[in-house]
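One file, work.cif, is given below (mmCIF, C-alpha atoms and all ligand atoms; chains and numbers go by the auth columns).
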data_run
loop_
_atom_site.group_PDB
_atom_site.id
_atom_site.type_symbol
_atom_site.label_atom_id
_atom_site.label_comp_id
_atom_site.label_asym_id
_atom_site.label_seq_id
_atom_site.Cartn_x
_atom_site.Cartn_y
_atom_site.Cartn_z
_atom_site.B_iso_or_equiv
_atom_site.auth_seq_id
_atom_site.auth_asym_id
ATOM 1 C CA MET A 1 0.000 0.000 0.000 0.00 1 A
ATOM 2 C CA HIS A 2 1.274 3.461 -0.869 0.00 2 A
ATOM 3 C CA LEU A 3 0.235 5.798 1.950 0.00 3 A
ATOM 4 C CA VAL A 4 0.404 9.441 0.856 0.00 4 A
ATOM 5 C CA PHE A 5 -0.345 11.240 4.139 0.00 5 A
ATOM 6 C CA GLU A 6 -2.537 11.233 7.223 0.00 6 A
ATOM 7 C CA THR A 7 -4.583 13.977 8.853 0.00 7 A
ATOM 8 C CA PRO A 8 -6.121 13.931 12.345 0.00 8 A
ATOM 9 C CA ARG A 9 -9.197 11.996 11.097 0.00 9 A
ATOM 10 C CA LEU A 10 -8.229 10.637 7.670 0.00 10 A
ATOM 11 C CA TRP A 11 -5.603 8.704 5.771 0.00 11 A
ATOM 12 C CA LEU A 12 -4.979 8.843 2.031 0.00 12 A
ATOM 13 C CA ARG A 13 -3.416 6.218 -0.204 0.00 13 A
ATOM 14 C CA ARG A 14 -2.907 5.702 -3.901 0.00 14 A
ATOM 15 C CA PHE A 15 -5.609 3.848 -5.786 0.00 15 A
ATOM 16 C CA THR A 16 -4.655 0.579 -7.462 0.00 16 A
ATOM 17 C CA LEU A 17 -6.286 -1.355 -10.301 0.00 17 A
ATOM 18 C CA ALA A 18 -7.992 -3.475 -7.611 0.00 18 A
ATOM 19 C CA ASP A 19 -10.081 -0.473 -6.479 0.00 19 A
ATOM 20 C CA THR A 20 -12.748 -0.603 -9.175 0.00 20 A
ATOM 21 C CA ASP A 21 -15.483 -1.158 -6.554 0.00 21 A
ATOM 22 C CA LEU A 22 -14.514 2.014 -4.674 0.00 22 A
ATOM 23 C CA LEU A 23 -14.488 4.158 -7.787 0.00 23 A
ATOM 24 C CA LEU A 24 -17.729 2.641 -8.994 0.00 24 A
ATOM 25 C CA ARG A 25 -19.448 3.403 -5.687 0.00 25 A
ATOM 26 C CA LEU A 26 -18.424 7.035 -5.952 0.00 26 A
ATOM 27 C CA ASN A 27 -18.957 7.706 -9.650 0.00 27 A
ATOM 28 C CA SER A 28 -22.263 5.864 -9.980 0.00 28 A
ATOM 29 C CA ASP A 29 -23.984 8.254 -7.567 0.00 29 A
ATOM 30 C CA PRO A 30 -25.825 11.074 -9.397 0.00 30 A
ATOM 31 C CA GLU A 31 -25.592 13.298 -6.290 0.00 31 A
ATOM 32 C CA VAL A 32 -21.804 13.071 -6.377 0.00 32 A
ATOM 33 C CA LEU A 33 -21.579 13.978 -10.069 0.00 33 A
ATOM 34 C CA LYS A 34 -24.278 16.665 -9.957 0.00 34 A
ATOM 35 C CA TYR A 35 -21.894 19.571 -10.692 0.00 35 A
ATOM 36 C CA LEU A 36 -19.277 17.612 -12.624 0.00 36 A
ATOM 37 C CA HIS A 37 -18.859 17.287 -16.353 0.00 37 A
ATOM 38 C CA GLU A 38 -18.613 13.480 -16.289 0.00 38 A
ATOM 39 C CA PRO A 39 -20.782 10.517 -17.240 0.00 39 A
ATOM 40 C CA LEU A 40 -22.144 8.221 -14.518 0.00 40 A
ATOM 41 C CA LEU A 41 -20.181 4.987 -14.143 0.00 41 A
ATOM 42 C CA HIS A 42 -22.238 1.831 -14.627 0.00 42 A
ATOM 43 C CA ASP A 43 -19.784 -1.053 -14.516 0.00 43 A
ATOM 44 C CA GLU A 44 -16.460 -2.201 -13.141 0.00 44 A
ATOM 45 C CA GLU A 45 -14.932 -2.387 -16.601 0.00 45 A
ATOM 46 C CA HIS A 46 -15.433 1.331 -17.098 0.00 46 A
ATOM 47 C CA ALA A 47 -14.129 2.017 -13.575 0.00 47 A
ATOM 48 C CA GLN A 48 -11.023 -0.010 -14.409 0.00 48 A
ATOM 49 C CA GLN A 49 -10.504 2.031 -17.563 0.00 49 A
ATOM 50 C CA ILE A 50 -10.665 5.306 -15.597 0.00 50 A
ATOM 51 C CA LEU A 51 -8.180 3.994 -13.050 0.00 51 A
ATOM 52 C CA ARG A 52 -5.818 2.818 -15.796 0.00 52 A
ATOM 53 C CA ASP A 53 -6.087 5.799 -18.138 0.00 53 A
ATOM 54 C CA ASN A 54 -6.783 8.777 -15.869 0.00 54 A
ATOM 55 C CA ILE A 55 -5.920 8.118 -12.243 0.00 55 A
ATOM 56 C CA LEU A 56 -2.846 5.858 -12.120 0.00 56 A
ATOM 57 C CA PRO A 57 -0.738 7.769 -14.735 0.00 57 A
ATOM 58 C CA GLN A 58 -0.703 10.848 -12.463 0.00 58 A
ATOM 59 C CA TYR A 59 1.220 8.839 -9.842 0.00 59 A
ATOM 60 C CA PHE A 60 4.313 8.799 -12.055 0.00 60 A
ATOM 61 C CA LYS A 61 4.579 12.530 -11.297 0.00 61 A
ATOM 62 C CA ASN A 62 3.863 11.909 -7.586 0.00 62 A
ATOM 63 C CA LEU A 63 0.567 13.697 -8.118 0.00 63 A
ATOM 64 C CA GLY A 64 -2.847 12.086 -8.335 0.00 64 A
ATOM 65 C CA ARG A 65 -6.275 11.582 -6.885 0.00 65 A
ATOM 66 C CA TRP A 66 -5.814 9.633 -3.637 0.00 66 A
ATOM 67 C CA ALA A 67 -8.341 7.351 -1.956 0.00 67 A
ATOM 68 C CA VAL A 68 -9.489 8.794 1.377 0.00 68 A
ATOM 69 C CA PHE A 69 -10.329 6.620 4.428 0.00 69 A
ATOM 70 C CA THR A 70 -11.492 7.530 7.903 0.00 70 A
ATOM 71 C CA ARG A 71 -9.058 6.567 10.651 0.00 71 A
ATOM 72 C CA GLY A 72 -10.247 4.030 13.178 0.00 72 A
ATOM 73 C CA ASP A 73 -12.893 2.327 11.074 0.00 73 A
ATOM 74 C CA ASN A 74 -10.987 2.493 7.737 0.00 74 A
ATOM 75 C CA GLN A 75 -14.100 3.384 5.748 0.00 75 A
ATOM 76 C CA PHE A 76 -13.561 4.547 2.168 0.00 76 A
ATOM 77 C CA ILE A 77 -15.213 7.968 1.814 0.00 77 A
ATOM 78 C CA GLY A 78 -13.931 9.354 -1.486 0.00 78 A
ATOM 79 C CA TRP A 79 -10.877 10.901 -3.065 0.00 79 A
ATOM 80 C CA CYS A 80 -8.842 14.075 -2.877 0.00 80 A
ATOM 81 C CA GLY A 81 -5.675 15.131 -4.620 0.00 81 A
ATOM 82 C CA LEU A 82 -3.714 16.894 -7.306 0.00 82 A
ATOM 83 C CA LYS A 83 -3.847 16.418 -11.040 0.00 83 A
ATOM 84 C CA HIS A 84 -1.643 17.855 -13.753 0.00 84 A
ATOM 85 C CA ARG A 85 -3.951 19.212 -16.434 0.00 85 A
ATOM 86 C CA GLN A 86 -1.783 19.429 -19.502 0.00 86 A
ATOM 87 C CA ASP A 87 -4.490 21.208 -21.510 0.00 87 A
ATOM 88 C CA LEU A 88 -4.585 24.071 -18.986 0.00 88 A
ATOM 89 C CA ASN A 89 -0.950 23.795 -17.897 0.00 89 A
ATOM 90 C CA GLU A 90 -1.893 23.718 -14.243 0.00 90 A
ATOM 91 C CA ILE A 91 -2.033 21.556 -11.130 0.00 91 A
ATOM 92 C CA ASP A 92 -5.660 21.074 -10.166 0.00 92 A
ATOM 93 C CA LEU A 93 -6.863 20.440 -6.611 0.00 93 A
ATOM 94 C CA GLY A 94 -9.881 18.124 -6.606 0.00 94 A
ATOM 95 C CA TYR A 95 -12.045 16.273 -4.089 0.00 95 A
ATOM 96 C CA ARG A 96 -15.051 14.023 -4.260 0.00 96 A
ATOM 97 C CA PHE A 97 -16.774 12.291 -1.366 0.00 97 A
ATOM 98 C CA LEU A 98 -19.669 9.909 -0.794 0.00 98 A
ATOM 99 C CA PRO A 99 -22.786 11.716 0.495 0.00 99 A
ATOM 100 C CA ILE A 100 -22.638 9.846 3.846 0.00 100 A
ATOM 101 C CA ALA A 101 -19.372 11.701 4.503 0.00 101 A
ATOM 102 C CA TRP A 102 -20.548 15.210 3.583 0.00 102 A
ATOM 103 C CA GLY A 103 -20.881 18.040 6.077 0.00 103 A
ATOM 104 C CA LYS A 104 -18.269 16.742 8.528 0.00 104 A
ATOM 105 C CA GLY A 105 -15.363 18.892 7.409 0.00 105 A
ATOM 106 C CA TYR A 106 -13.590 15.989 5.686 0.00 106 A
ATOM 107 C CA ALA A 107 -13.169 17.795 2.347 0.00 107 A
ATOM 108 C CA THR A 108 -11.669 20.797 4.094 0.00 108 A
ATOM 109 C CA GLU A 109 -9.344 18.596 6.177 0.00 109 A
ATOM 110 C CA ALA A 110 -8.143 16.511 3.219 0.00 110 A
ATOM 111 C CA SER A 111 -7.737 19.515 0.894 0.00 111 A
ATOM 112 C CA GLN A 112 -5.836 21.577 3.423 0.00 112 A
ATOM 113 C CA GLU A 113 -3.268 18.807 3.838 0.00 113 A
ATOM 114 C CA THR A 114 -3.197 18.203 0.072 0.00 114 A
ATOM 115 C CA LEU A 115 -2.170 21.831 -0.454 0.00 115 A
ATOM 116 C CA HIS A 116 0.515 21.487 2.206 0.00 116 A
ATOM 117 C CA HIS A 117 1.752 18.236 0.630 0.00 117 A
ATOM 118 C CA GLY A 118 1.832 19.854 -2.828 0.00 118 A
ATOM 119 C CA PHE A 119 3.822 22.838 -1.624 0.00 119 A
ATOM 120 C CA HIS A 120 6.047 21.291 1.031 0.00 120 A
ATOM 121 C CA GLN A 121 6.745 17.795 -0.357 0.00 121 A
ATOM 122 C CA LEU A 122 6.342 18.391 -4.089 0.00 122 A
ATOM 123 C CA SER A 123 7.519 22.047 -4.258 0.00 123 A
ATOM 124 C CA LEU A 124 4.756 23.016 -6.664 0.00 124 A
ATOM 125 C CA PRO A 125 4.719 26.755 -7.368 0.00 125 A
ATOM 126 C CA LEU A 126 0.951 27.145 -7.808 0.00 126 A
ATOM 127 C CA ILE A 127 -2.199 25.063 -7.254 0.00 127 A
ATOM 128 C CA THR A 128 -5.554 25.831 -8.870 0.00 128 A
ATOM 129 C CA GLY A 129 -9.028 24.878 -7.657 0.00 129 A
ATOM 130 C CA ARG A 130 -12.241 25.193 -9.619 0.00 130 A
ATOM 131 C CA ALA A 131 -15.880 24.672 -8.730 0.00 131 A
ATOM 132 C CA HIS A 132 -19.168 24.998 -10.581 0.00 132 A
ATOM 133 C CA ILE A 133 -20.703 28.367 -9.692 0.00 133 A
ATOM 134 C CA HIS A 134 -23.648 26.628 -7.983 0.00 134 A
ATOM 135 C CA ASN A 135 -21.518 24.120 -6.055 0.00 135 A
ATOM 136 C CA ILE A 136 -21.571 26.113 -2.817 0.00 136 A
ATOM 137 C CA ALA A 137 -20.027 23.372 -0.648 0.00 137 A
ATOM 138 C CA SER A 138 -17.042 23.071 -2.990 0.00 138 A
ATOM 139 C CA ILE A 139 -16.569 26.837 -3.223 0.00 139 A
ATOM 140 C CA LYS A 140 -16.614 26.998 0.579 0.00 140 A
ATOM 141 C CA VAL A 141 -13.887 24.359 0.766 0.00 141 A
ATOM 142 C CA LEU A 142 -11.649 26.393 -1.569 0.00 142 A
ATOM 143 C CA GLN A 143 -12.248 29.503 0.533 0.00 143 A
ATOM 144 C CA LYS A 144 -11.800 27.750 3.870 0.00 144 A
ATOM 145 C CA ILE A 145 -8.365 26.423 2.909 0.00 145 A
ATOM 146 C CA GLY A 146 -7.246 29.938 2.061 0.00 146 A
ATOM 147 C CA MET A 147 -7.190 29.933 -1.733 0.00 147 A
ATOM 148 C CA GLN A 148 -7.494 33.275 -3.545 0.00 148 A
ATOM 149 C CA TYR A 149 -10.424 34.035 -5.833 0.00 149 A
ATOM 150 C CA LYS A 150 -9.383 34.644 -9.458 0.00 150 A
ATOM 151 C CA GLY A 151 -12.727 35.017 -11.221 0.00 151 A
ATOM 152 C CA GLU A 152 -15.441 33.256 -13.164 0.00 152 A
ATOM 153 C CA GLY A 153 -15.075 31.491 -16.496 0.00 153 A
ATOM 154 C CA ILE A 154 -16.032 28.483 -18.590 0.00 154 A
ATOM 155 C CA VAL A 155 -13.950 25.313 -18.173 0.00 155 A
ATOM 156 C CA ASP A 156 -14.986 21.886 -19.497 0.00 156 A
ATOM 157 C CA ASN A 157 -18.150 23.582 -20.778 0.00 157 A
ATOM 158 C CA CYS A 158 -19.158 24.529 -17.203 0.00 158 A
ATOM 159 C CA PRO A 159 -19.401 27.936 -15.556 0.00 159 A
ATOM 160 C CA VAL A 160 -16.817 27.841 -12.776 0.00 160 A
ATOM 161 C CA HIS A 161 -15.199 29.971 -10.107 0.00 161 A
ATOM 162 C CA THR A 162 -11.407 29.713 -10.093 0.00 162 A
ATOM 163 C CA TYR A 163 -9.195 29.920 -7.020 0.00 163 A
ATOM 164 C CA THR A 164 -5.413 29.618 -6.714 0.00 164 A
ATOM 165 C CA ALA A 165 -2.821 29.207 -3.969 0.00 165 A
ATOM 166 C CA VAL A 166 0.852 30.155 -4.288 0.00 166 A
ATOM 167 C CA ASN A 167 3.599 28.127 -2.600 0.00 167 A
ATOM 168 C CA PRO A 168 4.341 29.904 0.705 0.00 168 A
ATOM 169 C CA PHE A 169 7.661 28.051 1.062 0.00 169 A
ATOM 170 C CA ASN A 170 9.146 29.570 -2.125 0.00 170 A
HETATM 171 C C1 LIG B . -17.984 19.418 -2.312 0.00 1 B
HETATM 172 C C2 LIG B . -17.762 18.362 -1.254 0.00 1 B
HETATM 173 C C3 LIG B . -16.410 17.690 -1.489 0.00 1 B
HETATM 174 C C4 LIG B . -17.761 19.021 0.125 0.00 1 B
HETATM 175 O O1 LIG B . -17.423 18.025 1.063 0.00 1 B
HETATM 176 P P1 LIG B . -17.710 18.169 2.629 0.00 1 B
HETATM 177 O O2 LIG B . -16.837 17.165 3.318 0.00 1 B
HETATM 178 O O3 LIG B . -19.163 18.115 2.873 0.00 1 B
HETATM 179 O O4 LIG B . -17.171 19.622 2.926 0.00 1 B
HETATM 180 P P2 LIG B . -16.929 20.216 4.370 0.00 1 B
HETATM 181 O O5 LIG B . -17.678 19.424 5.394 0.00 1 B
HETATM 182 O O6 LIG B . -15.460 20.388 4.538 0.00 1 B
HETATM 183 O O7 LIG B . -17.720 21.597 4.276 0.00 1 B
HETATM 184 C C5 LIG B . -17.303 22.694 3.567 0.00 1 B
HETATM 185 C C6 LIG B . -18.276 23.827 3.797 0.00 1 B
HETATM 186 O O8 LIG B . -19.389 23.704 2.905 0.00 1 B
HETATM 187 C C7 LIG B . -20.599 23.732 3.630 0.00 1 B
HETATM 188 N N1 LIG B . -21.558 22.904 2.935 0.00 1 B
HETATM 189 C C8 LIG B . -21.568 21.562 2.844 0.00 1 B
HETATM 190 N N2 LIG B . -22.580 21.168 2.069 0.00 1 B
HETATM 191 C C9 LIG B . -23.229 22.289 1.670 0.00 1 B
HETATM 192 C C10 LIG B . -24.362 22.552 0.854 0.00 1 B
HETATM 193 N N3 LIG B . -25.023 21.558 0.260 0.00 1 B
HETATM 194 N N4 LIG B . -24.743 23.838 0.651 0.00 1 B
HETATM 195 C C11 LIG B . -24.052 24.836 1.230 0.00 1 B
HETATM 196 N N5 LIG B . -22.963 24.666 1.997 0.00 1 B
HETATM 197 C C12 LIG B . -22.562 23.407 2.223 0.00 1 B
HETATM 198 C C13 LIG B . -20.228 23.237 5.000 0.00 1 B
HETATM 199 O O9 LIG B . -21.166 23.661 5.962 0.00 1 B
HETATM 200 C C14 LIG B . -18.863 23.894 5.190 0.00 1 B
HETATM 201 O O10 LIG B . -18.959 25.253 5.490 0.00 1 B
HETATM 202 P P3 LIG B . -18.915 25.804 6.985 0.00 1 B
HETATM 203 O O11 LIG B . -17.664 25.258 7.588 0.00 1 B
HETATM 204 O O12 LIG B . -18.912 27.269 6.788 0.00 1 B
HETATM 205 O O13 LIG B . -20.122 25.267 7.667 0.00 1 B
HETATM 206 C C15 LIG B . -18.875 17.283 -1.278 0.00 1 B
HETATM 207 O O14 LIG B . -20.115 17.934 -1.202 0.00 1 B
HETATM 208 C C16 LIG B . -18.824 16.411 -2.524 0.00 1 B
HETATM 209 O O15 LIG B . -18.079 15.435 -2.575 0.00 1 B
HETATM 210 N N6 LIG B . -19.627 16.750 -3.552 0.00 1 B
HETATM 211 C C17 LIG B . -19.682 15.968 -4.785 0.00 1 B
HETATM 212 C C18 LIG B . -18.399 16.078 -5.614 0.00 1 B
HETATM 213 C C19 LIG B . -18.026 17.507 -5.896 0.00 1 B
HETATM 214 O O16 LIG B . -18.873 18.334 -6.235 0.00 1 B
HETATM 215 N N7 LIG B . -16.716 17.787 -5.769 0.00 1 B
HETATM 216 C C20 LIG B . -16.194 19.113 -5.994 0.00 1 B
HETATM 217 C C21 LIG B . -15.976 19.341 -7.433 0.00 1 B
HETATM 218 S S1 LIG B . -15.363 20.974 -7.752 0.00 1 B
#

Please, can you express the file's structure as structure tokens?
Amino acid sequence: MHLVFETPRLWLRRFTLADTDLLLRLNSDPEVLKYLHEPLLHDEEHAQQILRDNILPQYFKNLGRWAVFTRGDNQFIGWCGLKHRQDLNEIDLGYRFLPIAWGKGYATEASQETLHHGFHQLSLPLITGRAHIHNIASIKVLQKIGMQYKGEGIVDNCPVHTYTAVNPFN
């Protein structure tokens, strides 16, 4: 198992090809994908393809979406992490949790430590976060972890608010 980091209530590890069930649970829930420009997942084969083509390749750069578990009971609750978006030439902060885990501060806790990891361990100069303009919970997460508002625009055919954070260790 490749542990990435722990927080007071969570631990994050890399996904593997054996995690199709976890990804399927998350991406087959219409509530989870409500503000995201992605199709619902229906089968493990498709989940495997996303792991193989989208998620695992990011780990070669030490970036990636990492599986998030609660400490103590080791429940899978979602993912959080950093992705290099070549098309936008940026490092994107993302998070996605199962509805049972919403409203407990987990996204804020995981994202805060992800920023720290990106700046302190990976020496990234800048991290960008985007959220659909109606995705209030996600916008609040970006604000609560101290990212700076940069404006509104269209990305992936969606109206989004953009936030950035600059490496404080540079
Ligand atoms: C966005 C998401 C990650 C937030 O996760 P979370 O663990 O519930 O977030 P937190 O508990 O850290 O809460 C963040 C803030 O949003 C608020 N919030 C949570 N749900 C909310 C809602 N539906 N409407 C308004 N505010 C909401 C919380 O109260 C908190 O603010 P507060 O501290 O001022 O009270 C979660 O809703 C999710 O996974 N959604 C589906 C995937 C998604 O949209 N990802 C983001 C893509 S940009």

Check which residues satisfy the PyMOL selection byres (((chain A and resi 82-84) around 8) and not hetatm) in the file shown, then give them as a PyMOL selection string.
chain A and resi 58+63-65+80-81+85-86+89-94+114+118

Name the residues captured by the PyMOL selection byres (((not hetatm)) within 7 of (chain B and resi 1)) when it is applied to the shown file; answer as number ranges by chain.
A: 31-36, 94-99, 101-109, 130-132, 135-138, 140-141

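Applied to the file shown here, the PyMOL selection byres (((chain A and resi 9) around 9) and not hetatm) selects the residues Glu6, Thr7, Pro8, Leu10, Trp11, Phe69, Thr70, Arg71, Gly72, Tyr106 and Glu109 of chain A.
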
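A straight line drawn from CA of Leu12 (chain A) to CA of Phe119 (chain A) is 16.9 Å long.
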
Between CA of Met147 (chain A) and CA of Asn74 (chain A), what is the distance in Å, rounded to a tenth?
29.3 Å

For Gln143 (chain A), the closest of A:Ala67, A:Leu17, A:Leu41, A:Ala165 counting all atoms listed in the file is A:Ala165

Would you mind listing what lies within 12 Å of Phe15 (chain A) as JSON, numbers by chain, with all atoms listed in the file counted and same-chain residues fewer than 4 positions away left out?
{"A": [1, 2, 3, 4, 19, 20, 21, 22, 23, 47, 48, 50, 51, 52, 54, 55, 56, 57, 58, 59, 63, 64, 65, 66, 67, 68, 69, 76, 78, 79, 80, 81]}

Kindly give the distance, in Å, that separates CA of Ile77 (chain A) and CA of Leu26 (chain A), rounded to a single decimal.
8.5 Å
